[in-house]
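Reviewing the structure listed below.
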Amino acid sequence: MINATTTMESVSYLDHKGKYKGIFAWIFATDHKRIALLYLYAISTFFVIGAILGLLMRLELISPGQTIMTAQTYNGIFTVHGIMMIFMVVIPGLSAIFGNFFLPILIGAKDVAFPRLNLFSWYIFITGSILAVLSQFLRSGPPDTGWTFYAPYSTATGTNVIFATTAAFVLGFSSILTGLNFIVTIHRMRAPKMKFFSMPLFPWSIYATAWIQVLATPIIAITLLMLIAERLFKIGFFDPAYGGDPILFQHMFWIYSHPAVYIMILPAMGVITEIIPTFCQRKVYGYKAIAMSSLAIAGVGYLVWGHHMFTSGMSETARWVFSLLTFIVAIPSAVKVFNWLATMYKGSIDLKPPLLYALSFIFLFSIGGLTGLVLGSLATNIQVHDTSFVVAHFHYIVFGGMGFGFFAALHYWFPKIYGRMYNFRRANIAWGILFVGFNLLYFPLFIIGMQGMPRRYYDYLPQFQTGHVISTIGGIILIIGLFLMIRNLVLGARKGAKAPANPWNGSTLEWQIVSPPPQENFDEDPLIKNNPYDYE
Amino acid sequence: MFSGASNFVNGVDKTFFIILGISFFFLIGITFTMIFFVLKYNRKKKIAAVQLKDNTWLEITWTLVPLALVMGMFYYGYMAFIPTRYPPKDAMEVKVIARMWKWSFEYKGGKQSDSLVLPVNKAVKLNLESMDVIHGFFIPSFRLKEDVVPGKHNYTWCIPEEIGQYEIMCSSYCGVRHSYMEGQVVVVSEDDFNKWLAALPDKSKETKSEGFKILQNNGCMGCHSIDGSKIVGPSFKGLYGSTVELVADDGTKKITADSTYIKESIFLPDKEIVAGYQKGIMKSYDNILKKEDVSKIIEYLKTIK
Ligand SMILES: [Cu+2]
Ligand SMILES: [Cu+2]
């Protein structure tokens, strides 16, 4: 009898035998942890492809004139790079992978509210991704509109825009359904004693994100449908040649796509909020302030989309109102940073790889956020709008923020997911190379942007070359770091030393169960603390 | 402290200075604090962590202080921006015409020029008109940018304050030659400007064939030259009656460029591609050009041998 229970307990979700065998045990799995890994492998693949496309663009830009590709190829590459990275990597990234894996565990649940819907969302995601990839190979050539699909260029160009927009449309449904699933999970599936304010802060950030996914994504769906209809039937929504208004497209596009930035960054902030207390052995400072700031970002984030359109010819009033709100939305992010720093104060700080990534997140995200103030101010926006300054800004937020948050999450939860540990020394080296490469790659773009280097330029004036050369060298270094990091993690997953249940001495629920977690997460009812970060 | 090529340089650069100054202060503060804490409270020192209680006043302080700072930034940005929207009533007006991938400038009386020549120290209002897609009118040295949106009548204005030549760029992505859509602003003394304007030939009175005008108004000239040079697509010079090598799904073939072929190239450009070019670049002009327009184009093509 005793024996029976121990073997029952030790069957992890990785070894669990269900109805199906082999690969079908994965692609028909409804377990949130297996689905999380399905997302992890798909998204990592797209990320690597997207990064290589990015490197190709950087190589093209190392010298003025044609270097390795034609202008049309370049335009196609920056378009797929954007579509892949935005819709297939950073929007689903953290919530579909780590939200799926850890949200249920962190709130003491056995699974998400709708496990089969969860698997269905993954299939929708894969369908959309296949469409996006197909759009590259069909007859009329890769789309060349940029990921923003601005009309009337997108209604007029001869390339495969309909396929690409359909892909984004389909991917949106995956996002909506995942968001819905998480909202219901948080409301209905919490362990009996888990109150809203005793949830860890990662679930809080997933909660705020999920509301944006559910409420904002339908708007992009409608917009893309209208664009497709415009191309097919010349209805006259956006193209002035048929009586449409191109600015309408921009409003509709950004009403979704600005909040989408928070879909990307909020879960990353949630990850950082988990890592810092663990590696400082401190109760998180300002629990309520951090939780509320997530909701504030999600709320005010809806009202600032116009800052993408300051030079489109909007009225003065619209411009200053959007500028004012943009400055206000910066405040909750600042509050989070101050609370993270306060959590480190008088802690017992252990600079392991996850914390290294978390602290570099704070640094890079701060640069991204502070340069956002330059873009939010009406006077300076005139100079830097649509220049490489914007490119640098959003890569600091999306890659430096969401990307480094993602790497931090991988290194933090890796031992829990695989039950094995990676090599710390190699992880630190890869981090160093990545961090140096990242800053070399993007920082020069701020400077040449302020000097007037427009974005999406295939060719440029000779005065910008120094900046471009440094940036390309940074890009090469970054890719090397990336491969070293991936290699170290793959080695760790296959051959790493067995990881204990709680390698970092964390206080949240995932560390109270074995690594890797059993099929149903908890063999007995978990002990719920009033404050999830209780180290006393 | 900040003066430059136009009247807006001072305000914009001052705002840059203020925002970047405060930002550097915070960035250095945050980074330094992180590094300091990592060293001071390092676990190697074997000192147990001290748990602290939340402090509402502290939270309020670090909410309100940044709020006050960003409101200051907003105010400076707003004050420097507002003048850029209100040109003086007596400003000289110039129409900026953007088409794929060329800027042209129309002065009073309909005279057109490829570069924007302006008198120094005089206000000029620039009325921005696009013939096709959205372009971005951007003069970095003037701190001036406004999108050129088809169907909208956007404008911007400035007072050039230093004699010289400056770049105009297109900031809003507009297709394959977006990065080549450059132009020049030339700021000269008022006398020189008046002389230049008087000497500018009035092209609007020249009689061009109708076919030529159709080509120009539909942006064909952005991709096809009439002087034999290759831009994005093949040149129109000598096209009519020549032998063209085509690539289709079922291999290559050689044909003679007659009226049927040219009609098909315009209405179904992706059906067969001229060897050496990419598909998808030229869109179909089905629905846009009428049959008569195409006949006029063909008549014109016959004349450029
Ligand atoms: Cu343009
Ligand atoms: Cu352009």
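Note on naming: chains are A, B, ... as they come in the structure tokens, residues start from 1 per chain, ligands start from 1 in the order shown.
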Surrounding residues of Tyr107 in chain B excluding itself and chain neighbours under 5 positions, 8 Å, only C-alpha atoms, as a ChimeraX atom specification: /B:93-95,112
Write the residues of the preceding selection, restricted to C-alpha atoms, as a PDB file, in the first residue's frame.
```pdb
ATOM      1  CA  GLU B  93       2.463  78.678 -49.568  1.00  0.00           C
ATOM      2  CA  VAL B  94       4.146  75.799 -51.391  1.00  0.00           C
ATOM      3  CA  LYS B  95       2.417  72.598 -52.388  1.00  0.00           C
ATOM      4  CA  GLN B 112       6.958  73.029 -60.360  1.00  0.00           C
TER       5      GLN B 112
END
```
Could you pull out the residues sitting within 6 Å of ligand 2, using only C-alpha atoms and all ligand atoms, and write them as a ChimeraX atom specification? /B:135,170-174,178
At a cut-off of 8 Å, using only C-alpha atoms, what residues contact range 253-266 of chain A? Leave out same-chain residues fewer than 4 positions from it and give the result as number ranges by chain. A: 90-94, 148, 205-206, 208-210, 212-213, 216-217, 219-220, 223, 249, 270, 294, 297-298, 301-302, 304-306, 308, 397-398, 401-402
Taking only C-alpha atoms and all ligand atoms into account, which residues have an atom no farther than 9 Å from ligand 1? I'd like them as a PyMOL selection string. chain B and resi 98-103+133-137+148+169-175+177-182
For Val188 in chain B, list every protein, DNA or RNA residue within 9 Å, evaluated using only C-alpha atoms, and leave out those in the same chain fewer than 6 positions away; present the list as a ChimeraX atom specification. /B:117-120,162-165
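CA of Tyr285 in chain A sits 14.3 Å away from CA of Ser348 in chain A.
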With only C-alpha atoms as the counted atoms, please give the residues lying no more than 9 Å from Gln51 in chain B, apart from itself and same-chain residues fewer than 4 positions off, as a compact mmCIF listing (two decimals) with all heavy atoms, in the first residue's frame.
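Saved as out23.txt:
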```txt
# COMPACT_ATOMS: atom_id res chain seq x y z
N GLN A 281 15.30 36.29 -1.15
CA GLN A 281 14.69 35.73 0.05
C GLN A 281 13.93 36.80 0.83
O GLN A 281 14.00 36.89 2.05
CB GLN A 281 15.78 35.09 0.95
CG GLN A 281 16.46 33.91 0.28
CD GLN A 281 15.52 32.71 0.14
OE1 GLN A 281 15.01 32.18 1.10
NE2 GLN A 281 15.27 32.30 -1.11
N ARG A 282 13.23 37.61 0.06
CA ARG A 282 12.49 38.71 0.69
C ARG A 282 11.04 38.63 0.24
O ARG A 282 10.75 38.29 -0.90
CB ARG A 282 13.06 40.06 0.21
CG ARG A 282 14.26 40.52 0.97
CD ARG A 282 13.87 41.38 2.14
NE ARG A 282 13.73 42.78 1.73
CZ ARG A 282 12.59 43.46 1.72
NH1 ARG A 282 11.48 42.87 2.05
NH2 ARG A 282 12.55 44.71 1.36
N LYS A 283 10.15 38.97 1.16
CA LYS A 283 8.76 39.15 0.79
C LYS A 283 8.71 40.28 -0.24
O LYS A 283 9.41 41.27 -0.10
CB LYS A 283 8.01 39.57 2.06
CG LYS A 283 6.52 39.52 1.94
CD LYS A 283 5.92 39.73 3.32
CE LYS A 283 5.87 41.22 3.61
NZ LYS A 283 5.42 41.53 4.96
N LYS A 346 18.14 45.02 1.69
CA LYS A 346 18.32 44.18 2.88
C LYS A 346 17.91 42.72 2.64
O LYS A 346 17.50 42.03 3.57
CB LYS A 346 17.56 44.75 4.07
CG LYS A 346 18.17 46.05 4.56
CD LYS A 346 17.76 46.37 5.97
CE LYS A 346 18.61 47.52 6.48
NZ LYS A 346 18.18 48.02 7.76
N GLY A 347 17.97 42.28 1.39
CA GLY A 347 17.70 40.87 1.13
C GLY A 347 18.96 40.06 1.31
O GLY A 347 19.97 40.55 1.83
N TYR A 535 8.75 34.43 3.74
CA TYR A 535 10.04 33.77 3.98
C TYR A 535 10.35 33.68 5.47
O TYR A 535 11.44 33.34 5.85
CB TYR A 535 11.17 34.51 3.27
CG TYR A 535 11.18 34.20 1.78
CD1 TYR A 535 10.58 35.06 0.88
CD2 TYR A 535 11.77 33.03 1.32
CE1 TYR A 535 10.58 34.76 -0.47
CE2 TYR A 535 11.78 32.73 -0.02
CZ TYR A 535 11.19 33.60 -0.90
OH TYR A 535 11.20 33.30 -2.22
N GLU A 536 9.40 34.08 6.32
CA GLU A 536 9.73 34.12 7.76
C GLU A 536 9.64 32.76 8.42
O GLU A 536 9.08 31.83 7.87
CB GLU A 536 8.87 35.14 8.46
CG GLU A 536 9.56 36.49 8.32
CD GLU A 536 8.75 37.70 8.76
OE1 GLU A 536 7.59 37.82 8.35
OE2 GLU A 536 9.31 38.50 9.49
```
Please list as a VMD selection string every residue within 6 Å of range 37-46 of chain A, counting only C-alpha atoms and excluding residues in the same chain fewer than 3 positions away. chain A and resid 34 49 to 50 89 97
Could you give me, as a PyMOL selection string, each residue of range 85-239 of chain B that DSSP assigns to alpha helix (DSSP H) when run on this structure's backbone? chain B and resi 190-199+210-217
Need the shell around Phe24 in chain B: protein/DNA/RNA residues with any atom at most 9 Å away, counting only C-alpha atoms. Skip same-chain ones fewer than 5 positions apart. Format as an NGL selection string? (:A and (367 or 370)) or (:B and (19 or 29))
Using only C-alpha atoms, the shortest atom-to-atom distance to Arg455 in chain A among B:Phe138, B:His224, B:Pro66, B:Pro150 belongs to B:Phe138
Report as number ranges by chain: the residues of range 108-205 of chain B with a DSSP assignment of strand (DSSP E or B), based on the backbone of this structure. B: 112-113, 116-119, 124-130, 135-139, 144-148, 154-158, 160, 164-170, 183-188
As an exercise, work out the distance from CA of Gly280 in chain B to CA of Ile266 in chain B in Å and give it to one decimal place. 12.6 Å
Between CA of Ile433 in chain A and CA of Leu364 in chain A, what is the spacing in Å? 14.8 Å
Just checking: using only C-alpha atoms, which residue out of B:Lys195, B:Lys125, B:Lys46, B:Lys253 ends up closest to Val96 in chain B? B:Lys125
Choose the residue, out of B:Val38, B:Val176, B:Asp227, B:Ile168, that has the smallest atom-to-atom separation from Arg143 in chain B; count only C-alpha atoms. B:Ile168
